[in-house]
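The file my_file.cif comes next; it holds mmCIF, C-alpha atoms and all ligand atoms.
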data_final
loop_
_atom_site.label_atom_id
_atom_site.label_comp_id
_atom_site.auth_asym_id
_atom_site.auth_seq_id
_atom_site.Cartn_x
_atom_site.Cartn_y
_atom_site.Cartn_z
CA MET A 29 123.04 91.73 38.74
CA ASP A 30 123.46 91.04 35.01
CA PHE A 31 120.56 89.83 32.88
CA ILE A 32 123.00 87.25 31.48
CA ASP A 33 126.23 86.87 33.43
CA LEU A 34 129.04 86.29 30.94
CA LYS A 35 131.71 87.75 33.23
CA SER A 36 131.54 84.93 35.79
CA GLN A 37 131.66 82.39 32.99
CA TYR A 38 134.80 83.97 31.58
CA ALA A 39 136.36 84.12 35.05
CA ALA A 40 135.76 80.38 35.45
CA LEU A 41 137.10 79.49 31.98
CA ARG A 42 139.73 82.20 31.59
CA ASP A 43 142.85 80.02 31.27
CA ASN A 44 141.11 77.61 28.95
CA ILE A 45 139.76 80.27 26.62
CA ASN A 46 142.92 82.38 26.66
CA THR A 47 145.07 79.36 25.78
CA ARG A 48 142.74 78.45 22.93
CA ILE A 49 142.77 81.99 21.54
CA GLN A 50 146.56 82.28 21.90
CA ARG A 51 147.02 79.07 19.92
CA VAL A 52 145.08 80.55 16.99
CA LEU A 53 147.12 83.76 17.13
CA ASP A 54 150.27 81.63 17.05
CA HIS A 55 149.34 79.43 14.09
CA GLY A 56 147.65 82.28 12.23
CA GLN A 57 145.05 80.27 10.31
CA TYR A 58 142.21 82.68 10.98
CA ILE A 59 139.85 81.30 8.36
CA LEU A 60 138.97 77.58 8.36
CA GLY A 61 141.88 76.82 10.72
CA PRO A 62 142.13 73.53 12.62
CA GLU A 63 139.80 74.71 15.42
CA VAL A 64 136.92 74.93 12.94
CA ARG A 65 137.02 71.21 12.21
CA GLU A 66 137.77 70.40 15.83
CA MET A 67 134.69 72.29 16.99
CA GLU A 68 132.50 70.76 14.28
CA GLU A 69 133.65 67.28 15.32
CA ALA A 70 133.05 68.01 19.00
CA LEU A 71 129.52 69.20 18.23
CA VAL A 72 128.82 66.16 16.04
CA ALA A 73 129.81 64.01 19.02
CA TYR A 74 127.63 66.10 21.35
CA THR A 75 124.45 66.20 19.26
CA GLY A 76 124.68 62.83 17.53
CA ALA A 77 123.95 64.43 14.14
CA LYS A 78 126.17 63.11 11.34
CA HIS A 79 127.38 66.50 10.10
CA CYS A 80 128.06 69.91 11.60
CA ILE A 81 128.79 72.87 9.34
CA SER A 82 129.90 75.94 11.30
CA VAL A 83 128.70 79.23 9.84
CA ALA A 84 128.93 82.96 10.47
CA SER A 85 125.80 83.23 12.66
CA GLY A 86 122.51 81.60 13.53
CA THR A 87 120.88 83.79 10.90
CA GLU A 88 123.34 82.54 8.28
CA ALA A 89 122.67 78.95 9.38
CA LEU A 90 118.97 79.38 8.55
CA LEU A 91 119.73 81.02 5.21
CA ILE A 92 122.23 78.38 4.12
CA ALA A 93 119.92 75.51 5.13
CA LEU A 94 117.11 77.09 3.09
CA MET A 95 119.48 77.64 0.14
CA ALA A 96 120.57 74.00 0.34
CA LEU A 97 116.91 73.01 -0.09
CA ASP A 98 116.88 75.16 -3.22
CA ILE A 99 113.69 77.00 -2.28
CA GLN A 100 112.15 78.52 -5.41
CA PRO A 101 110.49 81.95 -5.55
CA GLY A 102 107.03 81.78 -4.03
CA GLU A 103 107.52 78.44 -2.27
CA GLU A 104 106.22 78.36 1.26
CA VAL A 105 107.86 77.68 4.60
CA ILE A 106 105.62 77.20 7.61
CA THR A 107 106.82 78.80 10.84
CA THR A 108 105.62 80.72 13.89
CA PRO A 109 105.31 84.50 14.11
CA PHE A 110 106.32 84.40 17.78
CA THR A 111 110.09 84.35 17.28
CA PHE A 112 113.08 86.52 16.56
CA ALA A 113 112.84 88.21 13.15
CA ALA A 114 115.69 86.17 11.62
CA THR A 115 113.43 83.13 11.29
CA ALA A 116 111.04 84.70 8.79
CA GLU A 117 113.65 87.10 7.45
CA MET A 118 115.78 84.27 6.07
CA ILE A 119 112.74 82.55 4.52
CA VAL A 120 112.03 85.75 2.58
CA LEU A 121 115.70 86.32 1.72
CA ALA A 122 115.93 82.77 0.36
CA GLY A 123 113.04 83.63 -1.96
CA GLY A 124 110.34 81.86 0.02
CA VAL A 125 107.10 82.96 1.63
CA PRO A 126 106.69 82.58 5.39
CA VAL A 127 103.36 81.05 6.38
CA PHE A 128 102.60 81.84 10.00
CA VAL A 129 100.97 79.26 12.25
CA ASP A 130 99.94 80.16 15.78
CA ILE A 131 101.54 78.92 19.01
CA GLU A 132 100.42 76.89 21.99
CA PRO A 133 99.54 79.36 24.76
CA ASP A 134 101.42 77.46 27.48
CA THR A 135 104.76 76.57 25.78
CA ALA A 136 104.77 79.43 23.23
CA ASN A 137 106.00 76.91 20.63
CA ILE A 138 104.27 76.23 17.30
CA ASP A 139 100.89 74.49 17.68
CA VAL A 140 101.42 71.31 15.69
CA SER A 141 97.68 70.68 15.38
CA LEU A 142 97.45 73.77 13.12
CA ILE A 143 100.28 72.86 10.74
CA GLU A 144 98.55 70.45 8.40
CA ALA A 145 95.83 72.97 7.51
CA ALA A 146 98.56 75.41 6.45
CA ILE A 147 100.19 72.99 4.00
CA THR A 148 99.61 73.70 0.30
CA PRO A 149 101.14 72.30 -2.91
CA SER A 150 103.73 75.11 -2.58
CA THR A 151 104.95 74.11 0.89
CA ARG A 152 108.64 73.14 0.92
CA ALA A 153 109.55 73.14 4.59
CA ILE A 154 108.38 73.52 8.16
CA MET A 155 110.56 75.65 10.42
CA PRO A 156 109.64 75.21 14.09
CA VAL A 157 111.46 77.41 16.61
CA SER A 158 112.71 75.85 19.86
CA LEU A 159 111.71 78.96 21.77
CA TYR A 160 113.35 79.81 25.11
CA GLY A 161 115.28 76.52 24.88
CA GLN A 162 112.43 74.00 24.61
CA VAL A 163 112.02 71.93 21.46
CA ALA A 164 108.57 71.82 19.82
CA ASP A 165 106.81 68.50 19.27
CA MET A 166 109.29 67.34 16.62
CA ASP A 167 108.02 63.75 16.23
CA ALA A 168 104.58 65.03 15.27
CA ILE A 169 106.11 67.69 12.99
CA ASN A 170 108.35 65.11 11.28
CA THR A 171 105.35 62.83 10.71
CA ILE A 172 103.40 65.62 9.01
CA ALA A 173 106.47 66.61 6.98
CA ALA A 174 107.05 63.03 5.80
CA ARG A 175 103.41 62.68 4.79
CA HIS A 176 103.73 65.75 2.55
CA GLY A 177 107.34 65.30 1.42
CA VAL A 178 108.63 68.53 2.95
CA ALA A 179 111.79 69.25 4.96
CA VAL A 180 111.96 70.29 8.62
CA ILE A 181 114.42 72.97 9.77
CA GLU A 182 114.64 73.38 13.53
CA ASP A 183 115.48 76.98 14.47
CA ALA A 184 117.51 75.82 17.45
CA ALA A 185 119.21 79.16 18.10
CA GLN A 186 117.95 79.10 21.70
CA SER A 187 118.02 75.37 22.41
CA PHE A 188 121.54 74.02 21.94
CA GLY A 189 121.98 71.39 24.68
CA ALA A 190 118.24 70.75 25.12
CA SER A 191 116.84 67.21 24.98
CA TYR A 192 113.69 65.80 23.40
CA LYS A 193 112.88 62.13 24.05
CA GLN A 194 116.53 61.39 24.94
CA ARG A 195 117.76 63.04 21.74
CA LYS A 196 119.50 66.36 21.39
CA SER A 197 118.12 69.52 19.84
CA CYS A 198 119.75 70.05 16.39
CA ASN A 199 119.58 66.29 15.70
CA LEU A 200 115.81 65.96 15.37
CA SER A 201 114.99 66.81 11.75
CA THR A 202 116.36 67.48 8.24
CA PHE A 203 118.32 70.43 9.61
CA GLY A 204 119.03 71.89 13.03
CA CYS A 205 120.33 75.46 12.98
CA THR A 206 121.87 77.01 16.07
CA SER A 207 123.52 80.28 17.07
CA PHE A 208 126.64 81.00 19.14
CA PHE A 209 125.66 84.64 19.74
CA PRO A 210 127.29 85.45 23.11
CA SER A 211 124.08 85.27 25.14
CA LYS A 212 122.83 81.94 23.75
CA PRO A 213 123.21 78.75 25.81
CA LEU A 214 126.49 78.01 23.98
CA GLY A 215 127.97 81.35 22.98
CA CYS A 216 131.20 82.59 21.42
CA TYR A 217 132.63 86.12 21.71
CA GLY A 218 131.14 87.49 18.52
CA ASP A 219 128.91 85.99 15.86
CA GLY A 220 128.82 82.29 15.06
CA GLY A 221 126.43 79.48 14.34
CA ALA A 222 126.13 75.94 13.04
CA ILE A 223 123.99 73.75 10.82
CA PHE A 224 123.44 70.09 11.72
CA THR A 225 122.15 67.43 9.37
CA SER A 226 122.52 63.70 8.86
CA ASP A 227 121.94 63.96 5.10
CA ASP A 228 125.28 63.70 3.24
CA ARG A 229 124.07 65.51 0.14
CA LEU A 230 122.58 68.42 2.06
CA ALA A 231 125.69 68.67 4.26
CA GLN A 232 127.88 68.94 1.16
CA ALA A 233 125.55 71.60 -0.28
CA CYS A 234 125.81 73.62 2.96
CA ARG A 235 129.62 73.41 2.93
CA GLU A 236 129.69 74.68 -0.64
CA ILE A 237 127.16 77.45 -0.04
CA ARG A 238 129.16 78.57 3.02
CA THR A 239 132.11 79.44 0.74
CA HIS A 240 130.49 81.10 -2.27
CA GLY A 241 129.11 77.92 -3.79
CA GLN A 242 132.54 76.45 -4.49
CA SER A 243 132.74 72.70 -5.00
CA GLN A 244 136.49 73.21 -5.36
CA ARG A 245 138.68 76.28 -5.31
CA TYR A 246 137.43 78.82 -7.85
CA LEU A 247 134.84 76.42 -9.22
CA HIS A 248 131.50 78.01 -8.33
CA THR A 249 128.88 75.37 -9.05
CA ARG A 250 126.02 77.08 -7.21
CA LEU A 251 125.02 80.37 -5.63
CA GLY A 252 126.56 80.76 -2.19
CA VAL A 253 127.44 83.31 0.48
CA GLY A 254 130.45 84.33 2.54
CA GLY A 255 129.20 82.44 5.55
CA ARG A 256 132.14 80.97 7.43
CA MET A 257 132.62 81.08 11.18
CA ASP A 258 136.12 82.32 11.95
CA THR A 259 138.72 80.21 13.72
CA LEU A 260 138.97 82.47 16.78
CA GLN A 261 135.25 82.09 17.50
CA CYS A 262 135.49 78.32 17.13
CA ALA A 263 138.36 78.40 19.62
CA VAL A 264 136.13 80.25 22.10
CA VAL A 265 133.38 77.65 21.72
CA LEU A 266 135.95 74.87 22.24
CA GLY A 267 137.16 76.65 25.36
CA LYS A 268 133.60 76.72 26.69
CA LEU A 269 132.76 73.10 25.89
CA ASP A 270 134.74 71.73 28.85
CA ARG A 271 132.16 73.15 31.26
CA PHE A 272 129.12 72.94 29.00
CA GLU A 273 127.61 69.77 30.48
CA TRP A 274 127.80 71.38 33.91
CA GLU A 275 126.22 74.55 32.53
CA ILE A 276 123.30 72.65 31.04
CA ARG A 277 122.73 70.77 34.31
CA ARG A 278 122.87 74.07 36.20
CA ARG A 279 120.40 75.70 33.77
CA LEU A 280 117.94 72.85 34.27
CA GLU A 281 118.40 73.09 38.04
CA LEU A 282 117.88 76.87 38.01
CA GLY A 283 114.79 76.44 35.84
CA ASP A 284 113.31 73.97 38.33
CA ALA A 285 114.24 76.26 41.21
CA TYR A 286 112.65 79.29 39.52
CA ARG A 287 109.46 77.28 39.06
CA ALA A 288 109.33 76.12 42.68
CA LYS A 289 110.22 79.51 44.16
CA LEU A 290 107.92 81.55 41.92
CA GLN A 291 105.01 79.16 42.46
CA ALA A 292 105.47 79.37 46.21
CA ALA A 293 105.79 83.17 46.27
CA ILE A 294 103.18 84.05 43.60
CA PRO A 295 100.75 81.15 43.04
CA ALA A 296 98.80 83.08 40.37
CA LEU A 297 101.85 83.78 38.18
CA GLN A 298 101.67 82.00 34.82
CA LEU A 299 104.90 80.12 34.07
CA LEU A 300 106.02 78.52 30.83
CA ALA A 301 104.90 74.89 30.51
CA VAL A 302 107.61 72.32 29.78
CA ARG A 303 106.36 69.02 28.31
CA GLY A 304 107.24 65.80 30.15
CA ASP A 305 109.20 64.22 27.27
CA ARG A 306 111.69 67.10 26.91
CA ASP A 307 113.53 69.76 28.86
CA CYS A 308 114.14 73.48 28.50
CA VAL A 309 117.67 74.94 28.68
CA TRP A 310 116.20 78.38 29.39
CA ALA A 311 118.00 80.57 26.90
CA GLN A 312 115.47 82.94 28.48
CA TYR A 313 113.58 82.31 31.70
CA THR A 314 110.28 83.73 30.52
CA VAL A 315 107.03 84.20 32.47
CA PHE A 316 103.67 85.75 31.56
CA VAL A 317 102.51 88.93 33.32
CA ASP A 318 99.77 91.49 32.86
CA ASP A 319 100.59 95.21 32.86
CA ARG A 320 104.14 94.33 31.82
CA ASP A 321 105.54 97.87 31.47
CA ALA A 322 104.71 98.67 35.08
CA VAL A 323 106.08 95.36 36.34
CA GLN A 324 109.32 95.85 34.42
CA ALA A 325 109.65 99.40 35.77
CA ARG A 326 109.24 98.19 39.36
CA LEU A 327 111.78 95.43 38.83
CA LYS A 328 114.24 97.87 37.32
CA GLU A 329 113.88 100.05 40.41
CA ALA A 330 114.63 96.99 42.54
CA GLY A 331 117.82 96.38 40.52
CA VAL A 332 116.49 93.37 38.61
CA PRO A 333 117.01 93.58 34.83
CA THR A 334 114.32 92.09 32.57
CA ALA A 335 113.76 91.81 28.81
CA VAL A 336 110.96 90.97 26.39
CA HIS A 337 111.27 88.13 23.88
CA TYR A 338 109.42 89.32 21.81
CA PRO A 339 107.18 92.39 22.06
CA ARG A 340 105.45 91.96 18.66
CA PRO A 341 104.67 88.85 16.64
CA LEU A 342 106.22 89.04 13.18
CA HIS A 343 102.91 89.48 11.32
CA HIS A 344 102.56 92.74 13.30
CA GLN A 345 105.98 93.96 12.15
CA PRO A 346 105.92 96.35 9.18
CA ALA A 347 108.36 94.21 7.18
CA TYR A 348 106.27 91.02 7.55
CA ALA A 349 102.70 92.32 7.83
CA LYS A 350 101.98 91.27 4.26
CA TYR A 351 102.40 87.61 5.24
CA GLY A 352 99.40 87.51 7.56
CA SER A 353 96.36 89.54 8.47
CA ALA A 354 96.60 91.44 11.75
CA ASP A 355 93.98 89.28 13.44
CA ALA A 356 95.72 86.01 12.53
CA CYS A 357 97.59 84.02 15.20
CA PRO A 358 95.78 85.56 18.20
CA LEU A 359 97.70 83.48 20.76
CA SER A 360 101.00 84.86 19.45
CA VAL A 361 99.59 88.37 19.76
CA ALA A 362 98.47 87.65 23.32
CA ALA A 363 101.82 86.13 24.31
CA ALA A 364 103.76 89.07 22.87
CA ALA A 365 101.81 91.40 25.15
CA ARG A 366 102.56 89.40 28.30
CA VAL A 367 105.98 87.70 28.14
CA MET A 368 108.78 88.92 30.37
CA SER A 369 112.20 87.30 30.78
CA LEU A 370 114.08 87.20 34.09
CA PRO A 371 117.85 87.03 34.69
CA MET A 372 119.18 83.62 33.70
CA SER A 373 122.58 82.06 33.09
CA ALA A 374 124.46 79.06 34.45
CA ASP A 375 126.35 81.38 36.81
CA LEU A 376 123.25 82.92 38.40
CA THR A 377 123.61 82.15 42.10
CA ASN A 378 120.83 80.80 44.31
CA GLU A 379 121.00 84.04 46.32
CA GLN A 380 120.59 86.16 43.19
CA GLN A 381 117.68 84.01 42.16
CA ASP A 382 116.05 84.49 45.57
CA ARG A 383 116.44 88.25 45.13
CA VAL A 384 114.79 88.10 41.70
CA VAL A 385 111.87 86.05 43.03
CA ALA A 386 111.37 88.41 45.99
CA ALA A 387 111.44 91.41 43.65
CA VAL A 388 108.93 89.81 41.26
CA ALA A 389 106.62 89.03 44.21
CA GLN A 390 106.91 92.63 45.38
CA ALA A 391 106.34 94.02 41.88
CA LEU A 392 103.22 91.93 41.36
CA ASN A 393 101.60 92.66 44.71
C1 LIG B 1 119.33 84.43 18.11
C2 LIG B 1 118.33 83.87 17.21
C3 LIG B 1 118.54 83.79 15.82
C4 LIG B 1 119.71 84.43 15.13
O1 LIG B 1 120.97 84.05 15.58
P1 LIG B 1 122.21 85.04 15.31
O2 LIG B 1 123.39 84.19 15.65
O3 LIG B 1 122.05 86.21 16.21
O4 LIG B 1 122.20 85.40 13.88
C5 LIG B 1 117.59 83.15 15.04
N1 LIG B 1 116.47 82.64 15.58
C6 LIG B 1 116.22 82.71 16.91
C7 LIG B 1 114.97 82.11 17.45
C8 LIG B 1 117.13 83.35 17.76
O5 LIG B 1 116.87 83.43 19.07
#

Show the structure stored in the file as C-alpha cells.
Amino acid sequence: MDFIDLKSQYAALRDNINTRIQRVLDHGQYILGPEVREMEEALVAYTGAKHCISVASGTEALLIALMALDIQPGEEVITTPFTFAATAEMIVLAGGVPVFVDIEPDTANIDVSLIEAAITPSTRAIMPVSLYGQVADMDAINTIAARHGVAVIEDAAQSFGASYKQRKSCNLSTFGCTSFFPSKPLGCYGDGGAIFTSDDRLAQACREIRTHGQSQRYLHTRLGVGGRMDTLQCAVVLGKLDRFEWEIRRRLELGDAYRAKLQAAIPALQLLAVRGDRDCVWAQYTVFVDDRDAVQARLKEAGVPTAVHYPRPLHHQPAYAKYGSADACPLSVAAAARVMSLPMSADLTNEQQDRVVAAVAQALN
C-alpha cells in the first residue's frame, strides 16, 4: 500500500491528463501558455477569490505574497513553529522576522488567543497554516489583523478544497497561498503553486513579481523573481480538476471513516480535532501516539507506511533557533514528539483503510 496513492489517480484520469499534456506539446507555449490562464480562471471560480496567480511552487507563493506586502528588514510576521520549514523560511528570505506563536493541542493549528500578545509595532502580517487540511480560526485572526492594520496570509499548502464557514480555503484573508506539489490535495506532476487574493493592487504586484518585477516587457519597476508555473503543470492540474470535487468528498468520507474505525478499535487513541464550522481535507491523516518510533516500526513490519509531519518545531531547528527560545511554544514541542500520519488519498480503498486500522490497533496493543 502506498502512503499516498498517485498511481490509481493517474489510472482514473489517464486519458484526460494525457490529452491535456499532448495539447501543450502541440502548441508549444511552454511558458505562460493558454493553460496557465485557464487554470487560474478555473481556480478563481472554485475558490471564489477574485484573483489567482499561479507560481512555481507553494514556497514561491509565500515569498511572492510577502514581497507584494513590501516587508521591510526587521518587520515581523506571526506564524506557528509547527509547520513545514517553508513557512518561516520565506518570512526570513523576504527580510522579515518570524514570530512563533504556539498551537492548540487538539487541532495543531495556531492558537488564536495567543496572537494579540505577540503583536508589536513592527508586526506586518499574520501567517496561519491550515495544517493537515484544516483552516485555523480565520474570522478571529482577521478581526485581530484588522484591529492592528496587518495583513493575513493563509499558508494553505495543505488545505486546497477545504471549507470554513461555507467559504473555501485560499479565499479567507488578504492572501491564500497553496501548493500543487504532487502529494498535496490538488497536485501536479512537479512543482507548482498559486496565490489567491481579492485585492486588485496586490494581485497586480504578485503578477509583476512573478516575472522579475516587470510591469511591461523589459520594464522592471520592482524587485521580482523567476516564479512562474509552467504550462505543462497547469495542464496537469486542469486534467485533475474534473474529478476534484469527487476527491474532496472522498477525502472527507475517509476522514470520517478513519475517525469512526479508530475510535472503535482503539478508544484511547488521540485523534485530531476538527472544529464544527469547518472541515479537514486530510492532506495528512495525522494522529497522536506515544513511543512513536516503536509504533512506526511495528506498522512498517505490517506493511503500513507512515510519516511524521513534523518531527521538530521550527524553533528547534538550527536555522530558526534564533527566533525563539527552546522552551517557547511547549505544545508545538509536545505535538512534534507524538504526531504520526497514516496512509491517505482519495483512492485509498475501504479495505486498505480497514487494514491500516487493524495494524494500528495491533501496534498499539
Ligand atoms: C508543502 C508545503 C509548503 C511548500 O510547498 P511547495 O510547493 O513544496 O513549495 C509550504 N507550507 C506548507 C505548510 C506545506 O505543507

Write out, as a Markdown table, each residue of chain A that has an atom at most 6 Å from ligand LIG 1 (chain B), together with the closest pair of atoms and their distance in Å to one decimal, counting all atoms listed in the file, rows going by chain and rising number.
| residue | atom | partner | partner_atom | distance |
| --- | --- | --- | --- | --- |
| A:Ser85 | CA | B:LIG1 | O2 | 4.0 |
| A:Gly86 | CA | B:LIG1 | O2 | 3.5 |
| A:Thr87 | CA | B:LIG1 | O4 | 3.6 |
| A:Thr111 | CA | B:LIG1 | C7 | 5.4 |
| A:Phe112 | CA | B:LIG1 | C7 | 4.9 |
| A:Ala114 | CA | B:LIG1 | C5 | 4.9 |
| A:Thr115 | CA | B:LIG1 | N1 | 5.3 |
| A:Val157 | CA | B:LIG1 | C7 | 5.9 |
| A:Asp183 | CA | B:LIG1 | N1 | 5.9 |
| A:Ala185 | CA | B:LIG1 | C8 | 4.7 |
| A:Gln186 | CA | B:LIG1 | O5 | 5.2 |
| A:Ser207 | CA | B:LIG1 | O2 | 4.2 |
| A:Phe208 | CA | B:LIG1 | O2 | 5.7 |
| A:Phe209 | CA | B:LIG1 | O2 | 4.7 |
| A:Asp219 | CA | B:LIG1 | O2 | 5.8 |
| A:Gly220 | CA | B:LIG1 | O2 | 5.8 |
| A:Gly221 | CA | B:LIG1 | O2 | 5.8 |

Review point. How many Å separate CA of Pro341 in chain A from CA of Phe110 in chain A?
Key: 4.9 Å

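In terms of minimum interatomic distance to Gly124 in chain A, A:Arg152 ranks closest within A:Arg152, A:Arg256, A:Lys268, A:Arg306, counting all atoms listed in the file.
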
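Residues in contact with Leu370 in chain A at 10 Å, where only C-alpha atoms are counted and same-chain residues fewer than 5 positions away are skipped, are listed as A:Phe31, A:Ile32, A:Tyr286, A:Gln312, A:Tyr313, A:Thr314, A:Val315, A:Gln324, A:Leu327, A:Val332, A:Pro333, A:Thr334, A:Ala335, A:Val336, A:Gln381, A:Val384, A:Val385, A:Val388.
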
Export of the given selection (C-alpha atoms) as a PDB file, in the coordinates of the input:
ATOM      1  CA  PHE A  31     120.560  89.830  32.880  1.00  0.00           C
ATOM      2  CA  ILE A  32     123.000  87.250  31.480  1.00  0.00           C
ATOM      3  CA  TYR A 286     112.650  79.290  39.520  1.00  0.00           C
ATOM      4  CA  GLN A 312     115.470  82.940  28.480  1.00  0.00           C
ATOM      5  CA  TYR A 313     113.580  82.310  31.700  1.00  0.00           C
ATOM      6  CA  THR A 314     110.280  83.730  30.520  1.00  0.00           C
ATOM      7  CA  VAL A 315     107.030  84.200  32.470  1.00  0.00           C
ATOM      8  CA  GLN A 324     109.320  95.850  34.420  1.00  0.00           C
ATOM      9  CA  LEU A 327     111.780  95.430  38.830  1.00  0.00           C
ATOM     10  CA  VAL A 332     116.490  93.370  38.610  1.00  0.00           C
ATOM     11  CA  PRO A 333     117.010  93.580  34.830  1.00  0.00           C
ATOM     12  CA  THR A 334     114.320  92.090  32.570  1.00  0.00           C
ATOM     13  CA  ALA A 335     113.760  91.810  28.810  1.00  0.00           C
ATOM     14  CA  VAL A 336     110.960  90.970  26.390  1.00  0.00           C
ATOM     15  CA  GLN A 381     117.680  84.010  42.160  1.00  0.00           C
ATOM     16  CA  VAL A 384     114.790  88.100  41.700  1.00  0.00           C
ATOM     17  CA  VAL A 385     111.870  86.050  43.030  1.00  0.00           C
ATOM     18  CA  VAL A 388     108.930  89.810  41.260  1.00  0.00           C
TER      19      VAL A 388
END

Report the closest atom pair, with its distance in Å rounded to one decimal, for each residue of range 55-149 of chain A that has an atom no farther than 9 Å from range 357-364 of chain A; count only C-alpha atoms, sort by chain and then rising residue number, and write it as JSON lines.
{"residue": "A:Thr108", "atom": "CA", "partner": "A:Ser360", "partner_atom": "CA", "distance": 8.3}
{"residue": "A:Pro109", "atom": "CA", "partner": "A:Ser360", "partner_atom": "CA", "distance": 6.9}
{"residue": "A:Phe110", "atom": "CA", "partner": "A:Ser360", "partner_atom": "CA", "distance": 5.6}
{"residue": "A:Phe128", "atom": "CA", "partner": "A:Cys357", "partner_atom": "CA", "distance": 7.5}
{"residue": "A:Val129", "atom": "CA", "partner": "A:Cys357", "partner_atom": "CA", "distance": 6.5}
{"residue": "A:Asp130", "atom": "CA", "partner": "A:Cys357", "partner_atom": "CA", "distance": 4.6}
{"residue": "A:Ile131", "atom": "CA", "partner": "A:Ser360", "partner_atom": "CA", "distance": 6.0}
{"residue": "A:Glu132", "atom": "CA", "partner": "A:Leu359", "partner_atom": "CA", "distance": 7.2}
{"residue": "A:Pro133", "atom": "CA", "partner": "A:Leu359", "partner_atom": "CA", "distance": 6.0}
{"residue": "A:Ala136", "atom": "CA", "partner": "A:Ala363", "partner_atom": "CA", "distance": 7.4}

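CA of Tyr74 in chain A is positioned 27.9 Å from CA of Ser369 in chain A.
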
Point to revise | Between CA of Thr239 in chain A and CA of Leu121 in chain A - distance in Å to one decimal | key: 17.8 Å

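Comparing A:Asp270, A:Ala174, A:Asp134, A:His248 by their smallest distance to Arg42 in chain A, the closest is A:Asp270 (using only C-alpha atoms).
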
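Nearest to Ser36 in chain A of all the residues A:Leu142, A:Leu376, A:Leu392, A:Leu300 is A:Leu376, based on all atoms listed in the file.
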
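Of the residues under consideration (A:Ala374, A:Thr135, A:Arg48, A:Ala354), A:Ala374 shows the shortest atom-to-atom contact distance to Ser211 in chain A when counting all atoms listed in the file.
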
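Closest to Val120 in chain A among A:Gly254, A:Pro101, A:Gly177, A:Pro295 is A:Pro101, based on only C-alpha atoms.
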
Neighbour list for Ile49 in chain A as a compact mmCIF listing (two decimals) with C-alpha atoms, in the frame of the given file, cut-off 8 Å, only C-alpha atoms, skip fewer than 3 positions in-chain:
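Generated file (out15.txt):
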# COMPACT_ATOMS: atom_id res chain seq x y z
CA ILE A 45 139.76 80.27 26.62
CA ASN A 46 142.92 82.38 26.66
CA VAL A 52 145.08 80.55 16.99
CA LEU A 53 147.12 83.76 17.13
CA LEU A 260 138.97 82.47 16.78
CA ALA A 263 138.36 78.40 19.62
CA VAL A 264 136.13 80.25 22.10

Practice item. Rank nothing, just name the residue among A:Met118, A:Leu247, A:Ala93, A:Ala146 nearest to Ile181 in chain A, using only C-alpha atoms. Key: A:Ala93

Padded axis-aligned box of range 357-372 of chain A (8 Å per side), centre and edge lengths, Å, one decimal, as lines of an AutoDock Vina configuration file:
center_x = 107.5
center_y = 87.4
center_z = 24.9
size_x = 39.4
size_y = 23.9
size_z = 35.5

Practice item. Using all atoms listed in the file, determine which residues lie at most 7 Å from Asn199 in chain A, disregarding the query and same-chain residues fewer than 6 positions distant; provide the list as number ranges by chain. Key: A: 75-77, 224-225

Exercise for review: Find the spatial neighbours of Met95 in chain A, counting only C-alpha atoms, within a cut-off of 12 Å - ignore same-chain residues fewer than 6 positions away - and output them as a ChimeraX atom specification.
Suggested key: /A:88-89,101,118-124,152-153,181,203,230-231,233-238,240-241,250-253

**Study point:** 9 Å contact set for Leu282 in chain A, all atoms listed in the file, chain neighbours under 2 positions out, as a PyMOL selection string
**Key:** chain A and resi 277-280+284-287+310+372-374+376-378+381

If I put a ball of radius 7 Å at (99.2, 90.0, 11.6) in the file's coordinates, which residues poke into it when counting all atoms listed in the file, written as a JSON list (two decimals) with C-alpha atoms, in the frame of the given file?
[["chain", "number", "residue", "atom", "x", "y", "z"],
["A", 343, "HIS", "CA", 102.91, 89.48, 11.32],
["A", 344, "HIS", "CA", 102.56, 92.74, 13.30],
["A", 349, "ALA", "CA", 102.70, 92.32, 7.83],
["A", 352, "GLY", "CA", 99.40, 87.51, 7.56],
["A", 353, "SER", "CA", 96.36, 89.54, 8.47],
["A", 354, "ALA", "CA", 96.60, 91.44, 11.75],
["A", 355, "ASP", "CA", 93.98, 89.28, 13.44],
["A", 356, "ALA", "CA", 95.72, 86.01, 12.53]]
